[in-house]
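Colleague: Contents are mmCIF, C-alpha atoms; file name coords.cif:
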data_protein
loop_
_atom_site.label_atom_id
_atom_site.label_comp_id
_atom_site.auth_asym_id
_atom_site.auth_seq_id
_atom_site.Cartn_x
_atom_site.Cartn_y
_atom_site.Cartn_z
CA MET H 1 -12.64 -51.52 43.87
CA SER H 2 -12.69 -47.81 43.30
CA LEU H 3 -9.69 -47.01 45.48
CA THR H 4 -11.28 -43.55 46.29
CA VAL H 5 -10.85 -39.79 45.69
CA THR H 6 -11.07 -37.45 42.76
CA VAL H 7 -8.56 -35.50 40.75
CA THR H 8 -9.55 -32.91 38.21
CA HIS H 9 -7.08 -31.57 35.67
CA THR H 10 -7.18 -28.51 33.50
CA THR H 11 -4.91 -30.13 30.97
CA THR H 12 -5.98 -32.44 28.18
CA PRO H 13 -5.61 -36.20 28.58
CA ASP H 14 -2.75 -36.33 26.07
CA SER H 15 -0.67 -33.94 28.16
CA HIS H 16 -0.61 -36.41 31.01
CA THR H 17 -0.82 -39.83 29.44
CA THR H 18 0.52 -41.98 26.65
CA THR H 19 -1.72 -44.74 25.33
CA PRO H 20 0.41 -47.26 23.45
CA ASP H 21 -0.66 -48.21 19.96
CA SER H 22 1.49 -51.29 20.03
CA HIS H 23 2.27 -53.69 22.83
CA THR H 24 3.84 -57.04 23.50
CA THR H 25 1.41 -59.88 24.05
CA THR H 26 1.99 -63.08 25.94
CA ASP H 27 1.36 -66.40 24.21
CA SER H 28 1.23 -68.54 27.33
CA HIS H 29 -2.44 -68.10 28.18
CA THR H 30 -4.57 -71.17 27.62
CA THR H 31 -7.95 -71.47 26.01
CA THR H 32 -10.92 -73.74 26.44
CA PRO H 33 -12.26 -75.80 23.52
CA ASP H 34 -14.63 -72.99 22.48
CA SER H 35 -11.63 -70.64 22.26
CA GLU H 36 -12.59 -68.66 25.36
CA PRO H 37 -9.51 -68.00 27.53
CA SER H 38 -9.33 -69.78 30.87
CA GLN H 39 -6.55 -67.68 32.37
CA PHE H 40 -4.24 -64.75 31.79
CA ILE H 41 -0.80 -63.71 32.97
CA LEU H 42 -0.38 -60.53 34.97
CA PRO H 43 2.25 -58.06 33.79
CA ASP H 44 5.34 -57.94 36.01
CA LEU H 45 4.31 -54.66 37.62
CA ILE H 46 6.56 -55.06 40.65
CA ASN H 47 9.76 -55.20 38.61
CA GLN H 48 8.81 -52.04 36.74
CA PHE H 49 9.82 -50.21 39.91
CA GLN H 50 13.23 -49.28 41.23
CA TYR H 51 11.63 -47.96 44.42
CA PRO H 52 12.33 -49.39 47.88
CA PHE H 53 9.59 -51.42 49.53
CA ARG H 54 8.93 -51.35 53.28
CA LYS H 55 6.13 -52.34 55.62
CA SER H 56 5.34 -50.70 58.95
CA PRO H 57 5.90 -52.89 62.03
CA HIS H 58 2.49 -51.68 63.30
CA SER H 59 0.49 -53.62 60.72
CA TYR H 60 -0.95 -56.22 63.11
CA THR H 61 -2.01 -53.66 65.72
CA VAL H 62 -3.77 -51.50 63.15
CA THR H 63 -5.40 -54.52 61.49
CA ARG H 64 -7.01 -55.53 64.79
CA ALA H 65 -8.17 -51.98 65.48
CA SER H 66 -9.50 -51.71 61.93
CA ALA H 67 -11.64 -54.83 62.37
CA ARG H 68 -13.12 -53.37 65.58
CA TRP H 69 -13.89 -50.10 63.75
CA LEU H 70 -15.77 -51.98 61.04
CA ALA H 71 -17.96 -53.62 63.67
CA ASP H 72 -18.35 -50.80 66.19
CA VAL H 73 -18.48 -47.72 63.97
CA ALA H 74 -19.47 -48.98 60.51
CA LYS H 75 -21.96 -51.37 62.18
CA LEU H 76 -21.10 -54.22 59.83
CA VAL H 77 -21.95 -57.81 60.69
CA GLU H 78 -21.40 -61.22 59.11
CA PRO H 79 -21.35 -62.07 56.29
CA GLU H 80 -20.88 -58.51 54.96
CA ILE H 81 -18.05 -57.61 57.34
CA ARG H 82 -16.00 -60.60 56.20
CA GLY H 83 -15.20 -59.08 52.81
CA TYR H 84 -13.91 -55.88 54.40
CA ILE H 85 -11.83 -57.74 56.98
CA GLU H 86 -10.26 -59.84 54.22
CA MET H 87 -9.22 -56.63 52.47
CA ASP H 88 -6.92 -56.11 55.49
CA THR H 89 -6.80 -52.33 55.56
CA GLY H 90 -4.27 -52.49 58.37
CA THR H 91 -1.76 -54.14 56.04
CA PHE H 92 -2.70 -51.76 53.25
CA VAL H 93 -1.86 -48.63 55.25
CA ALA H 94 1.27 -50.29 56.66
CA LEU H 95 2.48 -50.73 53.07
CA ILE H 96 1.56 -47.30 51.68
CA TYR H 97 2.50 -45.25 54.78
CA PRO H 98 5.34 -47.40 56.17
CA ASP H 99 6.96 -44.70 58.32
CA ALA H 100 3.79 -43.64 60.16
CA ASP H 101 3.24 -44.33 63.84
CA VAL H 102 0.25 -46.26 65.19
CA PHE H 103 -1.87 -43.14 65.78
CA HIS H 104 -1.50 -41.83 62.23
CA LEU H 105 -1.86 -45.29 60.68
CA GLN H 106 -5.12 -45.87 62.52
CA VAL H 107 -6.59 -42.59 61.26
CA CYS H 108 -5.55 -43.56 57.73
CA ALA H 109 -7.06 -47.04 58.11
CA GLU H 110 -10.38 -45.61 59.30
CA SER H 111 -10.41 -43.12 56.45
CA ILE H 112 -9.80 -45.86 53.89
CA ASN H 113 -12.31 -48.24 55.49
CA TRP H 114 -14.89 -45.45 55.32
CA ALA H 115 -14.02 -44.92 51.66
CA PHE H 116 -14.62 -48.58 50.81
CA VAL H 117 -17.90 -48.69 52.73
CA ILE H 118 -19.29 -45.44 51.32
CA ASP H 119 -18.24 -46.51 47.82
CA ASP H 120 -20.28 -49.70 48.21
CA SER H 121 -23.20 -47.79 49.72
CA MET H 122 -23.38 -45.48 46.71
CA GLU H 123 -22.94 -48.38 44.28
CA CYS H 124 -25.84 -50.25 45.89
CA GLY H 125 -28.08 -47.19 46.18
CA VAL H 126 -28.10 -47.16 49.99
CA VAL H 127 -26.93 -43.53 49.86
CA THR H 128 -26.73 -41.21 46.89
CA PRO H 129 -23.60 -39.22 46.01
CA GLN H 130 -25.53 -36.03 46.73
CA GLU H 131 -26.53 -37.27 50.20
CA ALA H 132 -22.91 -38.24 50.87
CA LEU H 133 -21.71 -34.83 49.70
CA GLU H 134 -24.23 -32.92 51.82
CA SER H 135 -23.60 -34.96 54.99
CA CYS H 136 -20.03 -36.24 54.89
CA ILE H 137 -18.31 -32.99 53.89
CA PRO H 138 -19.81 -31.00 56.80
CA ALA H 139 -18.95 -33.92 59.09
CA LEU H 140 -15.34 -33.76 57.93
CA ARG H 141 -15.17 -29.99 58.38
CA ASP H 142 -16.81 -29.86 61.81
CA PRO H 143 -17.04 -33.34 63.32
CA ILE H 144 -17.81 -32.07 66.81
CA ASN H 145 -20.74 -29.78 66.10
CA PHE H 146 -22.27 -31.22 62.94
CA GLU H 147 -25.27 -33.41 63.73
CA THR H 148 -26.34 -36.18 61.38
CA ASP H 149 -28.29 -39.43 61.33
CA LEU H 150 -26.55 -40.71 58.20
CA LEU H 151 -24.25 -43.61 59.11
CA ALA H 152 -21.75 -42.67 56.40
CA ALA H 153 -21.34 -39.23 57.98
CA LYS H 154 -21.09 -40.70 61.47
CA MET H 155 -18.19 -42.81 60.21
CA CYS H 156 -16.48 -39.57 59.09
CA LYS H 157 -16.94 -38.03 62.51
CA SER H 158 -15.19 -41.01 64.11
CA PHE H 159 -11.81 -40.07 62.64
CA ALA H 160 -12.19 -36.49 61.36
CA ASN H 161 -11.47 -34.74 64.64
CA ARG H 162 -8.17 -36.59 65.10
CA PHE H 163 -7.28 -35.85 61.50
CA ASN H 164 -8.19 -32.16 61.70
CA GLU H 165 -6.24 -31.61 64.93
CA ASN H 166 -3.05 -33.14 63.51
CA ALA H 167 -3.06 -32.09 59.84
CA GLY H 168 -1.92 -28.77 58.45
CA PRO H 169 -4.56 -26.40 57.03
CA GLY H 170 -3.55 -27.03 53.41
CA CYS H 171 -3.53 -30.79 53.94
CA ARG H 172 -7.01 -30.67 55.54
CA GLU H 173 -8.45 -28.68 52.67
CA ARG H 174 -6.88 -30.95 50.05
CA TYR H 175 -8.35 -34.00 51.76
CA ILE H 176 -11.84 -32.54 52.03
CA HIS H 177 -11.87 -30.98 48.57
CA GLY H 178 -10.68 -34.29 47.14
CA LYS H 179 -13.70 -35.97 48.70
CA GLU H 180 -15.99 -33.34 47.19
CA LEU H 181 -14.53 -34.06 43.78
CA TYR H 182 -14.89 -37.79 44.33
CA PHE H 183 -18.59 -37.63 45.19
CA THR H 184 -19.14 -35.49 42.10
CA ALA H 185 -17.29 -38.05 39.94
CA VAL H 186 -19.36 -40.92 41.34
CA ALA H 187 -22.56 -39.04 40.60
CA LYS H 188 -21.45 -38.63 36.99
CA GLN H 189 -20.48 -42.28 36.69
CA LEU H 190 -23.87 -43.43 37.97
CA GLU H 191 -25.62 -41.01 35.62
CA ASP H 192 -23.52 -42.22 32.68
CA ARG H 193 -24.34 -45.82 33.57
CA ALA H 194 -28.06 -45.09 33.75
CA ASN H 195 -27.94 -43.29 30.40
CA GLY H 196 -25.92 -46.04 28.71
CA THR H 197 -23.01 -43.67 28.10
CA THR H 198 -19.88 -45.31 26.75
CA TYR H 199 -16.28 -44.10 26.78
CA ASP H 200 -13.42 -44.11 24.35
CA LEU H 201 -9.99 -44.68 25.88
CA GLU H 202 -9.17 -41.00 26.42
CA SER H 203 -12.49 -40.20 28.11
CA TYR H 204 -12.18 -43.33 30.25
CA ILE H 205 -8.76 -42.18 31.47
CA VAL H 206 -10.21 -38.84 32.58
CA GLN H 207 -13.20 -40.54 34.22
CA ARG H 208 -10.97 -43.04 36.03
CA ARG H 209 -8.85 -40.28 37.56
CA GLY H 210 -11.99 -39.04 39.26
CA ILE H 211 -13.39 -42.38 40.37
CA VAL H 212 -10.13 -43.76 41.75
CA GLY H 213 -10.18 -40.73 44.07
CA MET H 214 -6.55 -40.43 45.13
CA LYS H 215 -6.39 -36.78 46.22
CA PRO H 216 -7.43 -37.40 49.84
CA TYR H 217 -5.09 -40.36 50.21
CA PHE H 218 -2.17 -38.52 48.75
CA ALA H 219 -3.01 -35.73 51.22
CA LEU H 220 -2.59 -38.34 53.96
CA ILE H 221 1.09 -38.52 52.95
CA GLU H 222 1.34 -34.98 54.31
CA PHE H 223 -0.65 -35.97 57.41
CA VAL H 224 1.56 -38.93 58.37
CA SER H 225 4.76 -37.00 57.53
CA GLY H 226 3.89 -33.87 59.51
CA ILE H 227 4.22 -31.59 56.47
CA ASP H 228 1.92 -29.11 54.72
CA LEU H 229 2.66 -28.38 51.08
CA PRO H 230 2.55 -24.69 50.08
CA ASP H 231 -0.25 -23.76 47.68
CA GLU H 232 2.21 -22.53 45.04
CA VAL H 233 3.80 -25.98 44.93
CA VAL H 234 0.50 -27.82 44.60
CA ALA H 235 -0.62 -25.44 41.83
CA HIS H 236 2.55 -25.91 39.76
CA PRO H 237 1.87 -27.85 36.50
CA VAL H 238 4.90 -30.11 36.91
CA PHE H 239 3.86 -31.05 40.45
CA ASP H 240 0.33 -31.66 39.16
CA ALA H 241 1.71 -33.93 36.42
CA ILE H 242 3.58 -35.99 39.04
CA ASP H 243 0.38 -36.40 41.05
CA CYS H 244 -1.46 -37.34 37.87
CA ALA H 245 1.08 -40.00 36.87
CA ALA H 246 0.87 -41.60 40.32
CA THR H 247 -2.93 -41.47 40.20
CA ASP H 248 -2.97 -43.16 36.80
CA HIS H 249 -0.62 -45.90 37.93
CA VAL H 250 -2.64 -46.72 41.04
CA GLY H 251 -5.94 -46.69 39.16
CA TRP H 252 -4.76 -48.70 36.15
CA ALA H 253 -2.97 -51.30 38.28
CA ASN H 254 -6.17 -51.66 40.31
CA ASP H 255 -8.10 -52.22 37.07
CA ILE H 256 -5.70 -55.00 36.10
CA PHE H 257 -6.04 -56.76 39.44
CA SER H 258 -9.82 -56.28 39.69
CA TYR H 259 -10.62 -57.26 36.10
CA ASN H 260 -11.09 -60.96 36.90
CA LYS H 261 -13.68 -60.33 39.57
CA GLU H 262 -15.45 -57.65 37.54
CA GLN H 263 -15.73 -59.82 34.42
CA SER H 264 -17.13 -62.67 36.50
CA THR H 265 -19.87 -60.52 38.04
CA GLY H 266 -20.85 -58.71 34.86
CA GLY H 267 -19.22 -55.36 35.66
CA ALA H 268 -19.92 -52.56 33.21
CA PRO H 269 -17.41 -52.80 30.33
CA TRP H 270 -16.78 -49.06 30.49
CA GLU H 271 -15.61 -49.11 34.11
CA ASN H 272 -12.36 -51.07 33.83
CA LEU H 273 -9.33 -50.22 31.70
CA VAL H 274 -8.84 -53.82 30.53
CA ALA H 275 -12.45 -54.10 29.33
CA VAL H 276 -12.24 -50.70 27.61
CA LEU H 277 -9.07 -51.74 25.76
CA MET H 278 -10.72 -54.99 24.69
CA HIS H 279 -13.72 -53.16 23.28
CA VAL H 280 -12.08 -50.08 21.78
CA ARG H 281 -9.07 -51.84 20.26
CA GLY H 282 -10.57 -55.25 19.61
CA LEU H 283 -8.03 -57.00 21.86
CA ASP H 284 -8.31 -60.36 23.59
CA VAL H 285 -7.95 -60.54 27.37
CA GLN H 286 -4.21 -61.20 27.45
CA SER H 287 -3.41 -58.50 24.91
CA ALA H 288 -5.50 -55.97 26.84
CA ILE H 289 -3.80 -56.96 30.12
CA ASP H 290 -0.39 -56.52 28.46
CA CYS H 291 -1.41 -53.14 27.05
CA ALA H 292 -2.65 -51.96 30.44
CA GLY H 293 0.64 -53.11 31.96
CA GLN H 294 2.56 -51.06 29.41
CA MET H 295 0.41 -48.05 30.28
CA CYS H 296 1.39 -48.53 33.94
CA LYS H 297 5.05 -48.61 32.91
CA ASP H 298 4.56 -45.44 30.89
CA ALA H 299 2.96 -43.77 33.92
CA ILE H 300 6.10 -44.49 35.96
CA GLN H 301 8.22 -42.97 33.21
CA ARG H 302 6.01 -39.86 33.23
CA PHE H 303 6.35 -39.70 36.99
CA GLU H 304 10.14 -39.85 36.84
CA SER H 305 10.41 -37.43 33.91
CA ASN H 306 8.32 -34.81 35.68
CA ARG H 307 10.07 -35.42 39.00
CA ALA H 308 13.37 -34.56 37.32
CA SER H 309 11.82 -31.33 36.01
CA LEU H 310 10.56 -30.02 39.35
CA PRO H 311 11.70 -26.46 40.02
CA SER H 312 13.28 -25.37 43.28
CA TRP H 313 11.31 -23.40 45.86
CA GLY H 314 14.18 -23.05 48.31
CA GLU H 315 15.86 -25.54 50.62
CA GLU H 316 13.08 -26.00 53.18
CA VAL H 317 10.22 -26.24 50.69
CA ASP H 318 12.26 -28.58 48.49
CA ARG H 319 12.74 -30.85 51.52
CA VAL H 320 8.97 -30.99 52.06
CA VAL H 321 8.36 -31.67 48.36
CA ASP H 322 10.92 -34.50 48.42
CA ILE H 323 9.13 -36.10 51.37
CA TYR H 324 5.82 -35.96 49.52
CA VAL H 325 7.22 -37.35 46.26
CA GLU H 326 8.87 -40.21 48.15
CA GLY H 327 5.45 -40.82 49.69
CA LEU H 328 3.93 -41.13 46.23
CA LYS H 329 6.54 -43.76 45.37
CA ARG H 330 5.66 -45.73 48.50
CA TRP H 331 1.97 -45.45 47.65
CA MET H 332 2.47 -46.91 44.17
CA VAL H 333 4.72 -49.79 45.15
CA GLY H 334 2.90 -50.49 48.44
CA SER H 335 -0.43 -50.66 46.64
CA LEU H 336 0.95 -53.30 44.26
CA TYR H 337 2.19 -55.50 47.10
CA TRP H 338 -1.17 -55.18 48.84
CA HIS H 339 -3.08 -56.22 45.71
CA LEU H 340 -0.83 -59.26 45.32
CA SER H 341 -1.42 -60.34 48.93
CA CYS H 342 -5.16 -59.61 49.09
CA VAL H 343 -7.69 -62.45 48.72
CA ARG H 344 -10.11 -59.90 47.32
CA TYR H 345 -7.99 -59.55 44.16
CA VAL H 346 -6.10 -62.83 43.72
CA GLY H 347 -8.58 -65.21 45.35
CA ASN H 348 -7.52 -68.55 46.77
CA ASP H 349 -4.70 -68.98 44.23
CA LEU H 350 -2.61 -66.51 46.21
CA HIS H 351 0.71 -68.35 46.03
CA THR H 352 0.31 -69.31 42.37
CA VAL H 353 -0.41 -65.72 41.41
CA GLN H 354 2.54 -64.44 43.41
CA ARG H 355 4.91 -67.06 41.97
CA ASP H 356 3.77 -67.36 38.34
CA ARG H 357 1.49 -64.31 37.87
CA ILE H 358 -1.13 -66.68 36.38
CA VAL H 359 -4.75 -65.73 37.08
CA ARG H 360 -7.47 -68.26 36.34
CA LEU H 361 -10.59 -66.57 35.00
CA LEU H 362 -13.56 -66.93 37.31
CA PRO H 363 -16.86 -68.23 35.95
CA LYS H 364 -19.66 -65.73 35.47
CA ARG H 365 -21.82 -65.33 38.58
CA PRO H 366 -24.09 -62.72 40.22
CA LEU H 367 -22.52 -60.09 42.47
CA ALA H 368 -22.98 -61.11 46.12
CA SER H 369 -24.05 -58.71 48.85
CA GLY H 370 -21.11 -56.79 50.28
CA GLU H 371 -18.88 -57.24 47.23
CA HIS H 372 -17.55 -54.27 45.29
#
Kindly return the structure encoded in the file as structure tokens.

Modeller:
Amino acid sequence: MSLTVTVTHTTTPDSHTTTPDSHTTTDSHTTTPDSEPSQFILPDLINQFQYPFRKSPHSYTVTRASARWLADVAKLVEPEIRGYIEMDTGTFVALIYPDADVFHLQVCAESINWAFVIDDSMECGVVTPQEALESCIPALRDPINFETDLLAAKMCKSFANRFNENAGPGCRERYIHGKELYFTAVAKQLEDRANGTTYDLESYIVQRRGIVGMKPYFALIEFVSGIDLPDEVVAHPVFDAIDCAATDHVGWANDIFSYNKEQSTGGAPWENLVAVLMHVRGLDVQSAIDCAGQMCKDAIQRFESNRASLPSWGEEVDRVVDIYVEGLKRWMVGSLYWHLSCVRYVGNDLHTVQRDRIVRLLPKRPLASGEH
């Protein structure tokens, strides 16, 4: 998955990330007779956190509404719709925005469903990033008056008016601008893929921050909390570093969980952190998984270090900033719990993965329609 939204940074990769040169490997993975691994052990990402975990009581209601949206608005049918339903966006938003009411959760679920669908559409060539940019952004800005025949833009219109009427002006602009950045990042990724461009670790980290596309979904923290961050806060380098650390953690954890599926379907080796580490550093699967897990742990440390260095903007603004930063914590930990409960990422060995963190490597197979 490409969790969705783009972040650009004016700083160099080294100012925001630490890539470990050494890491602890796990010896308990097994191999087949030809020395190819048959499984790997996930890093204990959950216990890296000291953050509280909660789930909204509105999960079931939003899950049902989300399934209806996929059929009625996104116009998905079987078998394609099944993959999106199994992703259970209602549970996802209940985990990452646990304090939101049903109205706000439903807007978030529709936004995220749209992100998954448009991501697949661009990946499969149904719509180009430029078409998405030219149609979806106007639909987000003016959902009532903008006319379009593009289904992706019609999906935007279905939730954008409710979002625009209930979000602050800064929050709205951050959401929309984040989508602009995301479409630009996808265009570059597709161009790089077509040109056979490869990445070293540092350039992959920068590229992944764009493709994971977290800016809009971090803006939804403001939306569900009824806050609107001042521009001077958002522009502050320490605040930016906190956002960046959270973005890295979400994106890298997603790479760890999605690696099994991507390796089985022949995903590009330059589009997953685990595969990049294997190639660039000559690591086996387990060592690369362990290294990626350490990078996630380092991202949390960066998050906490920068959080402790935040300046004060006065009592009221500090209160708003605290709400947002707590929202980032919930996003990181909630996303992990969702990955561990989602068939999309852990397959049918759900309970084994949750109990033992053992993931059996899938055999190589073609990518089926509707998968991403």

Colleague: With 9 Å as the cut-off and all atoms listed in the file counted, what is the closest atom pair between each nearby residue of range 169-256 of chain H and range 135-140 of chain H? Distances in Å to one decimal, ordered by chain and number, as CSV.

Modeller:
residue,atom,partner,partner_atom,distance
H:Ile176,CA,H:Ile137,CA,6.7
H:His177,CA,H:Ile137,CA,8.6
H:Lys179,CA,H:Ile137,CA,7.6
H:Glu180,CA,H:Ile137,CA,7.1

Colleague: If the PyMOL selection byres ((chain H and resi 57-64) around 8) is run on the structure shown, which residues does it catch, given as a PDB file with C-alpha atoms, keeping the file's coordinate frame?

Modeller:
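The resulting expr-v5.pdb:
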ATOM      1  CA  LYS H  55       6.130 -52.340  55.620  1.00  0.00           C
ATOM      2  CA  SER H  56       5.340 -50.700  58.950  1.00  0.00           C
ATOM      3  CA  ALA H  65      -8.170 -51.980  65.480  1.00  0.00           C
ATOM      4  CA  SER H  66      -9.500 -51.710  61.930  1.00  0.00           C
ATOM      5  CA  ALA H  67     -11.640 -54.830  62.370  1.00  0.00           C
ATOM      6  CA  ARG H  68     -13.120 -53.370  65.580  1.00  0.00           C
ATOM      7  CA  ASP H  88      -6.920 -56.110  55.490  1.00  0.00           C
ATOM      8  CA  THR H  89      -6.800 -52.330  55.560  1.00  0.00           C
ATOM      9  CA  GLY H  90      -4.270 -52.490  58.370  1.00  0.00           C
ATOM     10  CA  THR H  91      -1.760 -54.140  56.040  1.00  0.00           C
ATOM     11  CA  VAL H  93      -1.860 -48.630  55.250  1.00  0.00           C
ATOM     12  CA  ALA H  94       1.270 -50.290  56.660  1.00  0.00           C
ATOM     13  CA  ASP H 101       3.240 -44.330  63.840  1.00  0.00           C
ATOM     14  CA  VAL H 102       0.250 -46.260  65.190  1.00  0.00           C
ATOM     15  CA  LEU H 105      -1.860 -45.290  60.680  1.00  0.00           C
ATOM     16  CA  GLN H 106      -5.120 -45.870  62.520  1.00  0.00           C
ATOM     17  CA  ALA H 109      -7.060 -47.040  58.110  1.00  0.00           C
TER      18      ALA H 109
END

Colleague: Can you list what the PyMOL selection byres ((chain H and resi 171) around 7) grabs from this structure, as an MDAnalysis selection string?

Modeller: chainID H and resid 167:170 172:175 219 222:223 228

Colleague: Taking (10.0, -29.7, 38.1) in the file's coordinates as the center, which residues reach within 12 Å of it, counting only C-alpha atoms, put as JSON, numbers by chain?

Modeller: {"H": [233, 234, 236, 237, 238, 239, 240, 241, 242, 302, 303, 304, 305, 306, 307, 308, 309, 310, 311, 312, 313, 318, 321, 322, 325]}

Colleague: For the point (-10.8, -58.1, 52.0) in the file's frame, write as JSON, numbers by chain all residues with an atom no more than 7 Å away, counting all atoms listed in the file.

Modeller: {"H": [83, 84, 85, 86, 87, 88, 342, 343, 344]}

Colleague: Just write the chosen residues, C-alpha atoms, as an mmCIF file, in the coordinates of the input.

Modeller:
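The resulting file, out_37.cif, is shown below:
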data_model
loop_
_atom_site.group_PDB
_atom_site.id
_atom_site.type_symbol
_atom_site.label_atom_id
_atom_site.label_comp_id
_atom_site.auth_asym_id
_atom_site.auth_seq_id
_atom_site.Cartn_x
_atom_site.Cartn_y
_atom_site.Cartn_z
ATOM 1 C CA GLY H 83 -15.200 -59.080 52.810
ATOM 2 C CA TYR H 84 -13.910 -55.880 54.400
ATOM 3 C CA ILE H 85 -11.830 -57.740 56.980
ATOM 4 C CA GLU H 86 -10.260 -59.840 54.220
ATOM 5 C CA MET H 87 -9.220 -56.630 52.470
ATOM 6 C CA ASP H 88 -6.920 -56.110 55.490
ATOM 7 C CA CYS H 342 -5.160 -59.610 49.090
ATOM 8 C CA VAL H 343 -7.690 -62.450 48.720
ATOM 9 C CA ARG H 344 -10.110 -59.900 47.320
#

Colleague: Would you compute the distance between CA of Arg208 in chain H and CA of Leu361 in chain H? Give it in Å to one decimal.

Modeller: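 CA of Leu361 in chain H lies 23.6 Å from CA of Arg208 in chain H.
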
Colleague: Could you state the separation of CA of Ala100 in chain H and CA of Gln50 in chain H in Å, given to one decimal place?

Modeller: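 Rounded to one decimal, the two atoms are 21.9 Å apart.
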
Colleague: Evaluate the PyMOL selection byres ((chain H and resi 187) around 12) against this structure - the residues, as an MDAnalysis selection string, please.

Modeller: chainID H and resid 6 119 122:123 125 127:133 180:186 188:194 207 210:211

Colleague: Counting only C-alpha atoms, what is within 10 Å of Val117 in chain H, bar same-chain residues fewer than 2 positions away, as number ranges by chain?

Modeller: H: 70, 74, 76, 84, 112-115, 119-123, 152, 155, 370, 372

Colleague: Please report the interatomic distance between CA of Tyr97 in chain H and CA of Asp298 in chain H in Å with one decimal.

Modeller: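 Value for the CA of Tyr97 in chain H-CA of Asp298 in chain H distance: 24.0 Å.
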
Colleague: Between H:Met332, H:Tyr345, H:Phe159, H:Leu273, which has the minimum distance to Asn260 in chain H (counting all atoms listed in the file)?

Modeller: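 Of H:Met332, H:Tyr345, H:Phe159, H:Leu273, the one nearest Asn260 in chain H, counting all atoms listed in the file, is H:Tyr345.
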
Colleague: Would you please work out which residue, of H:Val276, H:Val250, H:Leu229, H:Ala160, is nearest to Gln263 in chain H when using all atoms listed in the file?

Modeller: H:Val276

Colleague: Which neighbours of Ser341 in chain H fall inside 12 Å, counting all atoms listed in the file, when residues of the same chain fewer than 2 positions from it are skipped, and could you give them as number ranges by chain?

Modeller: H: 86-89, 91-92, 95, 257, 334-339, 343-355

Colleague: Save the residues we just selected, C-alpha atoms, as a PDB file, in the coordinates of the input?

Modeller:
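And here's out-v3.pdb as it stands now:
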ATOM      1  CA  GLU H  86     -10.260 -59.840  54.220  1.00  0.00           C
ATOM      2  CA  MET H  87      -9.220 -56.630  52.470  1.00  0.00           C
ATOM      3  CA  ASP H  88      -6.920 -56.110  55.490  1.00  0.00           C
ATOM      4  CA  THR H  89      -6.800 -52.330  55.560  1.00  0.00           C
ATOM      5  CA  THR H  91      -1.760 -54.140  56.040  1.00  0.00           C
ATOM      6  CA  PHE H  92      -2.700 -51.760  53.250  1.00  0.00           C
ATOM      7  CA  LEU H  95       2.480 -50.730  53.070  1.00  0.00           C
ATOM      8  CA  PHE H 257      -6.040 -56.760  39.440  1.00  0.00           C
ATOM      9  CA  GLY H 334       2.900 -50.490  48.440  1.00  0.00           C
ATOM     10  CA  SER H 335      -0.430 -50.660  46.640  1.00  0.00           C
ATOM     11  CA  LEU H 336       0.950 -53.300  44.260  1.00  0.00           C
ATOM     12  CA  TYR H 337       2.190 -55.500  47.100  1.00  0.00           C
ATOM     13  CA  TRP H 338      -1.170 -55.180  48.840  1.00  0.00           C
ATOM     14  CA  HIS H 339      -3.080 -56.220  45.710  1.00  0.00           C
ATOM     15  CA  VAL H 343      -7.690 -62.450  48.720  1.00  0.00           C
ATOM     16  CA  ARG H 344     -10.110 -59.900  47.320  1.00  0.00           C
ATOM     17  CA  TYR H 345      -7.990 -59.550  44.160  1.00  0.00           C
ATOM     18  CA  VAL H 346      -6.100 -62.830  43.720  1.00  0.00           C
ATOM     19  CA  GLY H 347      -8.580 -65.210  45.350  1.00  0.00           C
ATOM     20  CA  ASN H 348      -7.520 -68.550  46.770  1.00  0.00           C
ATOM     21  CA  ASP H 349      -4.700 -68.980  44.230  1.00  0.00           C
ATOM     22  CA  LEU H 350      -2.610 -66.510  46.210  1.00  0.00           C
ATOM     23  CA  HIS H 351       0.710 -68.350  46.030  1.00  0.00           C
ATOM     24  CA  THR H 352       0.310 -69.310  42.370  1.00  0.00           C
ATOM     25  CA  VAL H 353      -0.410 -65.720  41.410  1.00  0.00           C
ATOM     26  CA  GLN H 354       2.540 -64.440  43.410  1.00  0.00           C
ATOM     27  CA  ARG H 355       4.910 -67.060  41.970  1.00  0.00           C
TER      28      ARG H 355
END

Colleague: Counting only C-alpha atoms, what is within 9 Å of Phe49 in chain H, bar same-chain residues fewer than 3 positions away, as a list in words?

Modeller: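 Near Phe49 in chain H, the qualifying residues are Leu45, Ile46, Pro52, Lys297, Ile300 and Val333 of chain H.
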
Colleague: From the set H:Ala253, H:Ile118, H:Val224, H:Leu201, which residue has the shortest atom-to-atom contact distance to Arg281 in chain H, counting only C-alpha atoms?

Modeller: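 Residue with the minimum atom-to-atom distance to Arg281 in chain H: H:Leu201.
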